[in-house]
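Trainee: Questions regarding the structure given below will be posed in turn.
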Amino acid sequence: MHNFLDFEKPIAELEGKIEELRHLSDDGEINIAEEVARLQVKADRLLRQAYAKLTSWQKTQVARHPDRPHSSDYIANLIEDFTPLAGDRLFGEDRAIIGGIGRFRGYTVVIIGQEKGSDTNSRIEHNFGMARPEGYRKAQRLMGLANRFGLPVVTLVDSAGAYPGIGAEERGQAAAIARSIETCLGLKVPLVCAIIGEGGSGGAIAIATANQVLMLEHAVYSVISPEGCASILWRSGEQAQQAAEALKLTAQDLIKLGVIDEIMPEPLGGAQRDKREAIETVGEAIEKSLRELRKFDGVELRQRRREKFLEIGRKGLA
Amino acid sequence: MNWISNFVRPKIRALVHKEVPDNLWRKCLSCAQMIFHRELEANLLVCPHCGYHLRIGAKKRLGMLFDEGVYKTIELPETPADPLKFRDRKRYTERLKEAQVKTEEKEAILVAHGEMGGMPVVIAAFDFGFMGGSMGMAVGEALLAAAKLAVLQKAPLITVPASGGARMQEGILSLMQMPRTVIAVEQVKEAGLPYIVLLSDPTTGGVSASFAMLGDIALAEPGAIIGFAGQRVIEETIRETLPDGFQRAEFLLDHGMVDMVVHRRDLRETIIRLLKLLGERTPPAEVVALPKAESESADAKPESADAATGAPTGAPAEASGGSAE
């Protein structure tokens with residue numbers, strides 16, 4: 001069974017009805033099959049219509065959908081011989097950011113991803129994908145490893161943001177993010193980032209300062225959450241819908257602003273409805289980017305990454 | 001009675017009021033003592049009773065750092081004014097205009113060059129009064145311009161953040177200023193020049209998580225709030241009240257996040273000393289030259305001479321009228 005979002009209610013009702021009818025048909029009624037097929041067509045049409053014109057706020061909901069494939073799903077399906085690596089060698093092991101070394105379409109790569117978890121236990125273990133300084137320092141360590149061995153780096157962004165806590169501040173959350181951005185910028189190997197769900201502010205850019213930034217069709221990427229923005233600028237969290245529109249946080253907005261390089265299409269009804277297809281699409285897009293980046297040497301890769309970010313906002317905006 | 005209410009009373013009122021306009025006295029935000037404005041100015045906006053460091057604008061900051069308060073600001077690069085056509089309860093363009101009227105500045109940052117202790121320096125100072133010192137495209141470009149100027153003049157770069165973080169009204173484009181300002185810092189460091197950060201109240205969010213935390217040396221003003229997440233957000237997340245002094249400059253010093261906390265009156269002297277130590281790394285030529293042949297003493301010269309005479313020349317985008325306070 002799916003977890004349905006608010007705006008998916010009509011679809012949920014239809015699919016419920018279809019399910020009911022299927023059970024009936026088991027009891028021997030024959031012409032019910034026709035009815036089921038008819039309803040299925042209608043459900044698909046509703047789904048297509050709903051997902052063709054999602055509002056920014058609805059996309060935010062989809063991007064946070066608990067059934068969406070998470071970093072661990074992508075790693076499990078795309079990376080062979082994946083060998084997780086742990087720890088920042090300074091303080092601890094932060095499981096909000098998972099990472100390691102493995103083989104992607106024949107090539108050894110370092111992969112780093114923000115992991116939200118998929119049930120209560122794993123969500124707690126991964127701190128709901130909100131990293132502490134140790135997470136960003138682990139990311140830096142893994143990027144350093146990649147740099148030393150000339151391995152491409154793939155990062156997967158899916159986090160509401162860096163964790164706001166006392167310990168995180170004591171151990172230099174701001175400095176950890178700043179250094180992580182610096183590390184991304186300094187790499188002499190290809191760095192490809194895929195935003196697969198929620199791209200939350202500084203916590204995202206810390207590992208998203210990449211040569212190529214790919215984004216799933218219904219993912220969001222923003223400087224602040226719509227709720228946070230609303231509570232500051234509208235003085236009420238209830239204006240989150242308006243804030244979501246104003247922030248221009250969808251993939252379709254961001255490609256126009258020149259902030260991302262490519263939109264990866266999602267299966268009908270979002271990545272959560274067909275994880276396998278979503279993962280495959282992301283895999284293809286990453287492979288294509290890495291193939292293009294293989295043409296450049298280390299110095300060029302670094303230079304191009306830097307120029308890419310310097311160019312953002314300098315042209316093509318009103 | 002008429003002449004009393006019509007003539008005498010207003011006269012008396014006028015006499016009394018003339019003597020004490022409201023803005024001559026300011027109440028210290030920490031100890032609540034009243035401070036006479038001249039005394040406060042003379043004390044660099046530090047409360048003479050309790051030592052509380054009040055926030056200061058960009059112009060005043062530049063004035064108190066440069067030699068004799070003399071400096072030149074540069075014209076900041078043009079950037080798109082309102083790329084997202086952002087509107088909350090007010091239009092972003094309106095908020096911008098209000099901030100410009102209030103602060104008499106174009107943006108939340110000033111970039112200036114001049115001398116400290118006779119050495120050329122470039123300083124980029126934030127104005128918290130301008131939309132909370134928030135960093136949007138204009139501020140990002142300004143920091144890149146400051147780095148470029150520093151490299152061109154072979155001068156150290158000093159940044160003085162006073163900012164709540166990224167400017168929400170520019171959405172993702174404000175977030176993009178984080179990597180862009182990190183690039184600015186890299187350019188200064190790659191040129192072998194010192195990059196010094198003076199963290200002032202407050203330095204948080206996207207500003208602290210980018211260029212502000214990457215200084216070769218990090219100084220902080222006493223009591224300044226420095227951190228990543230806002231205190232309200234942390235309290236709401238962990239559902240605990242925060243300890244006293246949390247995210248204050250002294251707290252960061254204790255946790256190894258800044259090099260020193262420096263009283264405002266000692267800042268200039270401290271920065272000049274650091275710049276001298278980093279800029280004049282070898283003994284003056286005559287000391288080295290003692291017993292050896294002439295060829296060796298000539299070797300020791302260039303490095304120290306460079307730093308001392310790298311005068312600010314040929315700044316590309318100097319403002320025509322920008323000058324000292």
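Lettering and numbering for the structure tokens are positional, with chains as A, B, ... in the shown order, residues counted from 1 in each chain, and ligands counted from 1 in the shown order.
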So that I can see what lies close to Pro226 of chain A, please list as a short mmCIF file (atom, residue, chain, number, x, y, z; two decimals) with N, CA and C atoms, in the first residue's frame the residues with an atom at most 7 Å from it, counting only C-alpha atoms and leaving out residues fewer than 6 positions away in the same chain.
Mentor:
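The resulting part.cif:
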```cif
data_model
loop_
_atom_site.label_atom_id
_atom_site.label_comp_id
_atom_site.auth_asym_id
_atom_site.auth_seq_id
_atom_site.Cartn_x
_atom_site.Cartn_y
_atom_site.Cartn_z
N ALA A 240 3.18 28.66 4.51
CA ALA A 240 4.23 27.87 3.87
C ALA A 240 3.97 27.66 2.38
N ALA A 243 5.05 30.71 0.64
CA ALA A 243 6.51 30.80 0.71
C ALA A 243 7.14 29.84 -0.30
N ALA A 244 6.57 28.64 -0.41
CA ALA A 244 7.10 27.65 -1.35
C ALA A 244 7.08 28.20 -2.77
#
```
Trainee: If you run DSSP on this backbone, which residues of segment 11-197 of chain B come out as strand (DSSP E or B), and could you give them as number ranges by chain?
Mentor: B: 25-27, 34-36, 46, 53, 71-74, 87, 91, 109-116, 119-126, 135, 157-160, 163, 166, 195-197
Trainee: Let me see the file: selected residues, N, CA, C and O atoms, as a short mmCIF file (atom, residue, chain, number, x, y, z; two decimals), in the first residue's frame.
Mentor:
```cif
data_model
loop_
_atom_site.label_atom_id
_atom_site.label_comp_id
_atom_site.auth_asym_id
_atom_site.auth_seq_id
_atom_site.Cartn_x
_atom_site.Cartn_y
_atom_site.Cartn_z
N TRP B 25 21.03 60.41 24.47
CA TRP B 25 21.34 59.36 25.43
C TRP B 25 20.95 58.02 24.86
O TRP B 25 19.91 57.90 24.22
N ARG B 26 21.76 57.04 25.07
CA ARG B 26 21.37 55.69 24.65
C ARG B 26 21.44 54.75 25.84
O ARG B 26 22.33 54.86 26.68
N LYS B 27 20.51 53.83 25.84
CA LYS B 27 20.47 52.88 26.93
C LYS B 27 21.29 51.65 26.51
O LYS B 27 21.12 51.13 25.40
N MET B 34 22.24 54.50 31.21
CA MET B 34 22.17 55.51 30.16
C MET B 34 23.59 56.01 29.85
O MET B 34 24.39 56.24 30.74
N ILE B 35 23.87 56.13 28.54
CA ILE B 35 25.20 56.58 28.13
C ILE B 35 25.05 57.81 27.25
O ILE B 35 24.25 57.80 26.31
N PHE B 36 25.80 58.85 27.54
CA PHE B 36 25.78 60.06 26.71
C PHE B 36 26.42 59.75 25.36
O PHE B 36 27.44 59.07 25.29
N VAL B 46 31.25 51.13 22.66
CA VAL B 46 31.32 50.08 23.69
C VAL B 46 30.80 50.72 24.98
O VAL B 46 31.21 51.83 25.31
N HIS B 53 29.57 45.44 23.68
CA HIS B 53 29.89 45.97 22.36
C HIS B 53 28.61 46.13 21.55
O HIS B 53 27.99 45.14 21.17
N TYR B 71 39.99 56.02 3.98
CA TYR B 71 39.85 54.87 3.08
C TYR B 71 39.09 55.28 1.84
O TYR B 71 38.48 56.34 1.79
N LYS B 72 39.14 54.41 0.84
CA LYS B 72 38.34 54.63 -0.37
C LYS B 72 37.43 53.44 -0.59
O LYS B 72 37.91 52.30 -0.61
N THR B 73 36.14 53.68 -0.76
CA THR B 73 35.25 52.56 -1.08
C THR B 73 35.25 52.35 -2.58
O THR B 73 35.51 53.28 -3.34
N ILE B 74 34.98 51.12 -3.00
CA ILE B 74 34.88 50.87 -4.44
C ILE B 74 33.40 50.75 -4.82
O ILE B 74 32.56 50.40 -4.00
N ARG B 87 7.90 38.25 -3.24
CA ARG B 87 6.96 39.06 -2.48
C ARG B 87 6.45 38.27 -1.29
O ARG B 87 5.90 37.18 -1.45
N ARG B 91 6.77 43.63 -1.01
CA ARG B 91 7.66 43.30 -2.12
C ARG B 91 9.11 43.41 -1.66
O ARG B 91 9.44 44.30 -0.88
N ILE B 109 26.80 45.74 2.41
CA ILE B 109 28.26 45.60 2.53
C ILE B 109 28.97 46.81 1.92
O ILE B 109 28.45 47.42 0.98
N LEU B 110 30.11 47.15 2.49
CA LEU B 110 30.99 48.15 1.88
C LEU B 110 32.35 47.51 1.67
O LEU B 110 32.83 46.76 2.52
N VAL B 111 32.94 47.78 0.51
CA VAL B 111 34.29 47.29 0.25
C VAL B 111 35.19 48.51 0.10
O VAL B 111 34.89 49.41 -0.67
N ALA B 112 36.28 48.53 0.87
CA ALA B 112 37.15 49.70 0.85
C ALA B 112 38.62 49.29 0.86
O ALA B 112 38.96 48.19 1.31
N HIS B 113 39.47 50.15 0.36
CA HIS B 113 40.90 49.92 0.49
C HIS B 113 41.57 51.14 1.08
O HIS B 113 41.07 52.26 0.97
N GLY B 114 42.68 50.89 1.73
CA GLY B 114 43.40 51.95 2.40
C GLY B 114 44.58 51.31 3.11
O GLY B 114 45.08 50.27 2.66
N GLU B 115 45.01 51.90 4.21
CA GLU B 115 46.17 51.35 4.91
C GLU B 115 45.87 51.08 6.38
O GLU B 115 45.07 51.77 7.00
N MET B 116 46.54 50.06 6.88
CA MET B 116 46.53 49.82 8.33
C MET B 116 47.99 49.70 8.75
O MET B 116 48.71 48.84 8.23
N MET B 119 50.36 49.66 5.94
CA MET B 119 50.31 48.56 4.97
C MET B 119 48.99 48.60 4.21
O MET B 119 47.95 48.89 4.81
N PRO B 120 49.03 48.31 2.91
CA PRO B 120 47.77 48.33 2.16
C PRO B 120 46.88 47.16 2.59
O PRO B 120 47.37 46.05 2.76
N VAL B 121 45.59 47.42 2.76
CA VAL B 121 44.63 46.36 3.05
C VAL B 121 43.32 46.63 2.33
O VAL B 121 43.01 47.77 1.98
N VAL B 122 42.60 45.55 2.08
CA VAL B 122 41.23 45.67 1.57
C VAL B 122 40.31 45.15 2.67
O VAL B 122 40.57 44.09 3.25
N ILE B 123 39.27 45.92 2.98
CA ILE B 123 38.32 45.49 4.01
C ILE B 123 36.91 45.46 3.42
O ILE B 123 36.48 46.39 2.75
N ALA B 124 36.22 44.34 3.67
CA ALA B 124 34.80 44.24 3.31
C ALA B 124 34.02 44.16 4.61
O ALA B 124 34.17 43.21 5.37
N ALA B 125 33.20 45.19 4.87
CA ALA B 125 32.47 45.27 6.14
C ALA B 125 30.97 45.22 5.90
O ALA B 125 30.45 45.89 5.01
N PHE B 126 30.28 44.41 6.70
CA PHE B 126 28.83 44.27 6.58
C PHE B 126 28.11 45.34 7.40
O PHE B 126 28.63 45.83 8.39
N MET B 135 23.02 38.12 3.01
CA MET B 135 23.88 37.96 1.84
C MET B 135 23.06 37.49 0.64
O MET B 135 22.56 36.38 0.60
N LEU B 157 43.26 40.57 2.75
CA LEU B 157 41.82 40.83 2.78
C LEU B 157 41.32 40.63 4.20
O LEU B 157 41.64 39.63 4.86
N ILE B 158 40.54 41.60 4.66
CA ILE B 158 39.89 41.48 5.96
C ILE B 158 38.39 41.55 5.73
O ILE B 158 37.92 42.48 5.07
N THR B 159 37.66 40.57 6.22
CA THR B 159 36.20 40.69 6.15
C THR B 159 35.65 40.86 7.57
O THR B 159 36.18 40.30 8.52
N VAL B 160 34.58 41.66 7.65
CA VAL B 160 33.93 41.90 8.94
C VAL B 160 32.44 41.56 8.79
O VAL B 160 31.62 42.44 8.53
N SER B 163 25.90 39.55 10.09
CA SER B 163 24.85 39.08 9.20
C SER B 163 24.08 37.90 9.79
O SER B 163 24.64 37.02 10.42
N ALA B 166 21.88 34.07 4.79
CA ALA B 166 21.51 34.29 3.38
C ALA B 166 20.26 35.14 3.28
O ALA B 166 19.44 35.17 4.20
N TYR B 195 44.24 36.19 4.82
CA TYR B 195 42.81 36.47 4.87
C TYR B 195 42.39 36.44 6.33
O TYR B 195 42.45 35.39 6.99
N ILE B 196 41.99 37.59 6.84
CA ILE B 196 41.64 37.70 8.26
C ILE B 196 40.15 37.99 8.39
O ILE B 196 39.60 38.81 7.64
N VAL B 197 39.51 37.28 9.29
CA VAL B 197 38.09 37.53 9.53
C VAL B 197 37.91 38.12 10.92
O VAL B 197 38.48 37.61 11.89
#
```
Trainee: So that I can check the surroundings of Phe246 of chain B, please list as a list of chain:residue names every protein, DNA and RNA residue that reaches within 12 Å of it, counting only C-alpha atoms and ignoring chain neighbours fewer than 2 positions away.
Mentor: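 Here the qualifying residues turn out to be A:Gly165, A:Ile166, A:Gly167, A:Ala168, A:Glu169, A:Glu170, B:Gly223, B:Ala224, B:Ile225, B:Ile226, B:Gly227, B:Phe228, B:Ala229, B:Gly230, B:Gln231, B:Ile234, B:Glu235, B:Thr241, B:Leu242, B:Pro243, B:Asp244, B:Arg248, B:Ala249, B:Glu250, B:Phe251, B:Leu252, B:Leu253, B:Asp254, B:His255.
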Trainee: Please produce an output containing N, CA and C atoms for each residue in the selection, written as a compact mmCIF listing (two decimals), in the first residue's frame.
Mentor:
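Contents of part-v7.txt, as written:
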```txt
# COMPACT_ATOMS: atom_id res chain seq x y z
N GLY A 165 21.63 21.78 16.75
CA GLY A 165 21.71 21.30 18.13
C GLY A 165 22.88 21.91 18.86
N ILE A 166 22.90 21.74 20.16
CA ILE A 166 23.96 22.34 20.98
C ILE A 166 25.32 21.76 20.62
N GLY A 167 25.41 20.42 20.60
CA GLY A 167 26.67 19.76 20.29
C GLY A 167 27.18 20.14 18.90
N ALA A 168 26.25 20.21 17.95
CA ALA A 168 26.63 20.55 16.58
C ALA A 168 27.27 21.93 16.53
N GLU A 169 26.72 22.86 17.30
CA GLU A 169 27.28 24.21 17.32
C GLU A 169 28.63 24.22 18.04
N GLU A 170 28.70 23.48 19.15
CA GLU A 170 29.97 23.42 19.90
C GLU A 170 31.11 22.91 19.04
N GLY B 223 31.32 39.00 23.13
CA GLY B 223 29.87 38.89 23.21
C GLY B 223 29.16 38.64 21.90
N ALA B 224 29.89 38.67 20.78
CA ALA B 224 29.24 38.49 19.48
C ALA B 224 28.60 37.11 19.38
N ILE B 225 27.39 37.06 18.82
CA ILE B 225 26.75 35.78 18.54
C ILE B 225 27.33 35.23 17.23
N ILE B 226 27.89 34.03 17.31
CA ILE B 226 28.49 33.40 16.13
C ILE B 226 28.04 31.95 16.09
N GLY B 227 27.47 31.51 14.99
CA GLY B 227 27.03 30.12 14.93
C GLY B 227 26.35 29.82 13.62
N PHE B 228 25.86 28.61 13.49
CA PHE B 228 25.17 28.26 12.25
C PHE B 228 23.66 28.45 12.42
N ALA B 229 23.05 27.65 13.28
CA ALA B 229 21.60 27.69 13.42
C ALA B 229 21.17 28.80 14.38
N GLY B 230 20.01 29.34 14.14
CA GLY B 230 19.45 30.36 15.03
C GLY B 230 19.05 29.73 16.36
N GLN B 231 19.11 30.53 17.43
CA GLN B 231 18.85 29.98 18.76
C GLN B 231 17.41 29.49 18.91
N ILE B 234 17.08 26.07 17.32
CA ILE B 234 17.70 25.02 18.13
C ILE B 234 16.79 24.67 19.30
N GLU B 235 16.27 25.71 19.97
CA GLU B 235 15.40 25.45 21.12
C GLU B 235 14.16 24.67 20.72
N THR B 241 16.13 24.74 26.98
CA THR B 241 16.65 26.10 26.92
C THR B 241 18.16 26.02 26.77
N LEU B 242 18.71 27.01 26.09
CA LEU B 242 20.14 26.96 25.78
C LEU B 242 20.97 27.46 26.95
N PRO B 243 22.17 26.94 27.10
CA PRO B 243 23.01 27.38 28.22
C PRO B 243 23.42 28.85 28.07
N ASP B 244 23.74 29.48 29.19
CA ASP B 244 24.20 30.87 29.18
C ASP B 244 25.44 31.00 28.31
N ARG B 248 28.18 32.61 21.94
CA ARG B 248 28.88 33.89 22.10
C ARG B 248 30.34 33.69 21.72
N ALA B 249 31.01 34.80 21.43
CA ALA B 249 32.41 34.74 20.99
C ALA B 249 33.27 33.94 21.97
N GLU B 250 33.02 34.13 23.27
CA GLU B 250 33.84 33.48 24.30
C GLU B 250 33.61 31.96 24.28
N PHE B 251 32.37 31.57 23.97
CA PHE B 251 32.00 30.16 23.85
C PHE B 251 32.76 29.53 22.66
N LEU B 252 32.85 30.27 21.57
CA LEU B 252 33.57 29.76 20.40
C LEU B 252 35.06 29.64 20.69
N LEU B 253 35.58 30.60 21.46
CA LEU B 253 37.00 30.55 21.83
C LEU B 253 37.26 29.29 22.66
N ASP B 254 36.39 29.04 23.62
CA ASP B 254 36.53 27.85 24.48
C ASP B 254 36.45 26.56 23.67
N HIS B 255 35.68 26.58 22.58
CA HIS B 255 35.52 25.38 21.77
C HIS B 255 36.47 25.32 20.59
```
Trainee: Between A:Asp253, A:Glu15, A:Asp67, A:Asp73, single out the one closest to chain B, counting only C-alpha atoms.
Mentor: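 Looking only at the distances to chain B, the closest residue turns out to be A:Asp253.
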Trainee: Taking a cut-off of 7 Å and counting only C-alpha atoms, can you build a table that, for each residue of chain A near chain B, reports the nearest atom pair and how far apart they are in Å (one decimal), sorted by chain then residue number, as CSV?
Mentor:
```
residue,atom,partner,partner_atom,distance
A:Pro164,CA,B:Ile234,CA,5.1
A:Gly165,CA,B:Ile234,CA,5.5
A:Glu169,CA,B:Gly227,CA,6.4
A:Glu170,CA,B:His255,CA,6.2
A:Gly172,CA,B:Met257,CA,6.6
A:Gln173,CA,B:Phe228,CA,6.2
A:Ala174,CA,B:Ala209,CA,4.0
A:Ala175,CA,B:Met213,CA,5.2
A:Ile177,CA,B:Ala209,CA,5.5
A:Ala178,CA,B:Ser210,CA,4.4
A:Ile181,CA,B:Pro179,CA,6.2
A:Glu182,CA,B:Val182,CA,6.4
A:Ser201,CA,B:Leu175,CA,6.7
A:Gly202,CA,B:Gly206,CA,6.4
A:Thr209,CA,B:Pro179,CA,6.8
A:Ser222,CA,B:Ile172,CA,5.3
A:Val223,CA,B:Ile172,CA,5.2
A:Leu233,CA,B:Asp88,CA,6.3
A:Trp234,CA,B:Arg89,CA,6.2
A:Ala246,CA,B:Phe86,CA,5.7
A:Leu247,CA,B:Gly171,CA,5.1
A:Lys248,CA,B:Gly171,CA,6.8
A:Phe309,CA,B:Arg180,CA,6.2
A:Leu310,CA,B:Arg180,CA,6.0
A:Leu317,CA,B:Pro83,CA,6.2
A:Ala318,CA,B:Pro83,CA,5.9
```
Trainee: Do a neighbour search on segment 122-129 of chain A at 6 Å with only C-alpha atoms, toss out local chain neighbours closer than 5 positions, and write the hits as JSON, numbers by chain.
Mentor: {"A": [95, 96, 114, 115, 116, 117, 159]}
Trainee: With only C-alpha atoms as the basis for distance, which of B:Leu96, B:Leu152, B:Val101, B:Ala218 is at the shortest distance from Leu274 of chain B?
Mentor: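 Distance minimum relative to Leu274 of chain B lands on B:Ala218.
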Trainee: So what do you get for atom CA of Arg55 of chain B versus atom CA of Met131 of chain B, distance-wise?
Mentor: 14.0 Å
Trainee: When you draw a straight line from atom CA of Leu193 of chain B to atom CA of Asp216 of chain B, how long is it in Å?
Mentor: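 Atom CA of Leu193 of chain B sits 9.6 Å away from atom CA of Asp216 of chain B.
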Trainee: Taking the DSSP assignment computed from this structure's backbone, write out as a count of residues only all residues of segment 122-306 of chain B that belong to helix (DSSP H, G or I).
Mentor: 96
Trainee: Quick one: everything within 12 Å of Arg45 of chain A, counting only C-alpha atoms, minus sequence neighbours fewer than 4 positions away in the same chain. Send it as a PyMOL selection string.
Mentor: chain A and resi 10-11+14+38-41+49-52+268-269
Trainee: I want to know what sits within 9 Å of Leu214 of chain A, based on only C-alpha atoms, with residues of the same chain fewer than 2 positions away left out; could you give that as a list in words?
Mentor: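 Non-adjacent residues within range: Val192, Cys193, Ala194, Ile195, Ile196, Gln212, Leu216, Ile260, Asp261, Glu262, Ile263, Met264, Val282, Ala285, Ile286 and Ser289 of chain A.
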Trainee: Kindly save the residues from that selection, with N, CA and C atoms included, as a PDB file, in the first residue's frame.
Mentor:
```pdb
ATOM      1  N   VAL A 192      29.901  14.748  -9.273  1.00  0.00           N
ATOM      2  CA  VAL A 192      28.526  14.832  -9.779  1.00  0.00           C
ATOM      3  C   VAL A 192      27.576  14.723  -8.599  1.00  0.00           C
ATOM      4  N   CYS A 193      26.599  15.628  -8.567  1.00  0.00           N
ATOM      5  CA  CYS A 193      25.631  15.632  -7.468  1.00  0.00           C
ATOM      6  C   CYS A 193      24.237  15.370  -8.010  1.00  0.00           C
ATOM      7  N   ALA A 194      23.494  14.492  -7.333  1.00  0.00           N
ATOM      8  CA  ALA A 194      22.095  14.284  -7.682  1.00  0.00           C
ATOM      9  C   ALA A 194      21.234  14.660  -6.486  1.00  0.00           C
ATOM     10  N   ILE A 195      20.303  15.592  -6.726  1.00  0.00           N
ATOM     11  CA  ILE A 195      19.352  15.966  -5.671  1.00  0.00           C
ATOM     12  C   ILE A 195      18.137  15.057  -5.853  1.00  0.00           C
ATOM     13  N   ILE A 196      17.981  14.120  -4.905  1.00  0.00           N
ATOM     14  CA  ILE A 196      16.995  13.061  -5.093  1.00  0.00           C
ATOM     15  C   ILE A 196      15.709  13.295  -4.301  1.00  0.00           C
ATOM     16  N   GLN A 212      28.532  18.844 -12.056  1.00  0.00           N
ATOM     17  CA  GLN A 212      27.201  18.688 -12.632  1.00  0.00           C
ATOM     18  C   GLN A 212      26.220  18.510 -11.477  1.00  0.00           C
ATOM     19  N   LEU A 216      16.026  15.416  -9.544  1.00  0.00           N
ATOM     20  CA  LEU A 216      14.816  14.683  -9.911  1.00  0.00           C
ATOM     21  C   LEU A 216      13.654  15.661 -10.123  1.00  0.00           C
ATOM     22  N   ILE A 260      20.803  24.415 -11.596  1.00  0.00           N
ATOM     23  CA  ILE A 260      21.021  22.984 -11.833  1.00  0.00           C
ATOM     24  C   ILE A 260      21.252  22.762 -13.330  1.00  0.00           C
ATOM     25  N   ASP A 261      21.802  21.597 -13.663  1.00  0.00           N
ATOM     26  CA  ASP A 261      22.171  21.345 -15.050  1.00  0.00           C
ATOM     27  C   ASP A 261      21.181  20.460 -15.789  1.00  0.00           C
ATOM     28  N   GLU A 262      20.478  19.599 -15.051  1.00  0.00           N
ATOM     29  CA  GLU A 262      19.615  18.648 -15.743  1.00  0.00           C
ATOM     30  C   GLU A 262      18.487  18.203 -14.824  1.00  0.00           C
ATOM     31  N   ILE A 263      17.287  18.052 -15.412  1.00  0.00           N
ATOM     32  CA  ILE A 263      16.159  17.499 -14.657  1.00  0.00           C
ATOM     33  C   ILE A 263      15.999  16.032 -15.048  1.00  0.00           C
ATOM     34  N   MET A 264      15.936  15.168 -14.057  1.00  0.00           N
ATOM     35  CA  MET A 264      15.749  13.734 -14.320  1.00  0.00           C
ATOM     36  C   MET A 264      14.269  13.407 -14.142  1.00  0.00           C
ATOM     37  N   VAL A 282      18.204   7.849 -12.484  1.00  0.00           N
ATOM     38  CA  VAL A 282      19.275   8.602 -11.827  1.00  0.00           C
ATOM     39  C   VAL A 282      20.631   7.995 -12.199  1.00  0.00           C
ATOM     40  N   ALA A 285      21.634   9.081 -15.683  1.00  0.00           N
ATOM     41  CA  ALA A 285      22.029  10.490 -15.732  1.00  0.00           C
ATOM     42  C   ALA A 285      23.420  10.696 -15.129  1.00  0.00           C
ATOM     43  N   ILE A 286      23.688   9.987 -14.034  1.00  0.00           N
ATOM     44  CA  ILE A 286      25.011  10.114 -13.404  1.00  0.00           C
ATOM     45  C   ILE A 286      26.084   9.566 -14.340  1.00  0.00           C
ATOM     46  N   SER A 289      26.852  12.032 -17.092  1.00  0.00           N
ATOM     47  CA  SER A 289      27.649  13.160 -16.603  1.00  0.00           C
ATOM     48  C   SER A 289      29.105  12.755 -16.397  1.00  0.00           C
TER      49      SER A 289
END
```
Trainee: Record the distance separating atom CA of Ala176 of chain A and atom CA of Leu85 of chain A, expressed in Å with one decimal.
Mentor: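 Answer for the atom CA of Ala176 of chain A to atom CA of Leu85 of chain A separation: 18.8 Å.
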Trainee: Quick one: residues within 8 Å of Leu29 of chain B, only C-alpha atoms, excluding same-chain residues fewer than 2 positions away - as a list in words?
Mentor: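 My list of contacting residues is Lys27, Cys31, Ala32, Tyr52 and Leu54 of chain B.
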Trainee: Given only C-alpha atoms as the basis, pick out the residue of B:Leu199, B:Asn2, B:Pro10, B:Glu98 nearest to Val258 of chain B.
Mentor: B:Leu199
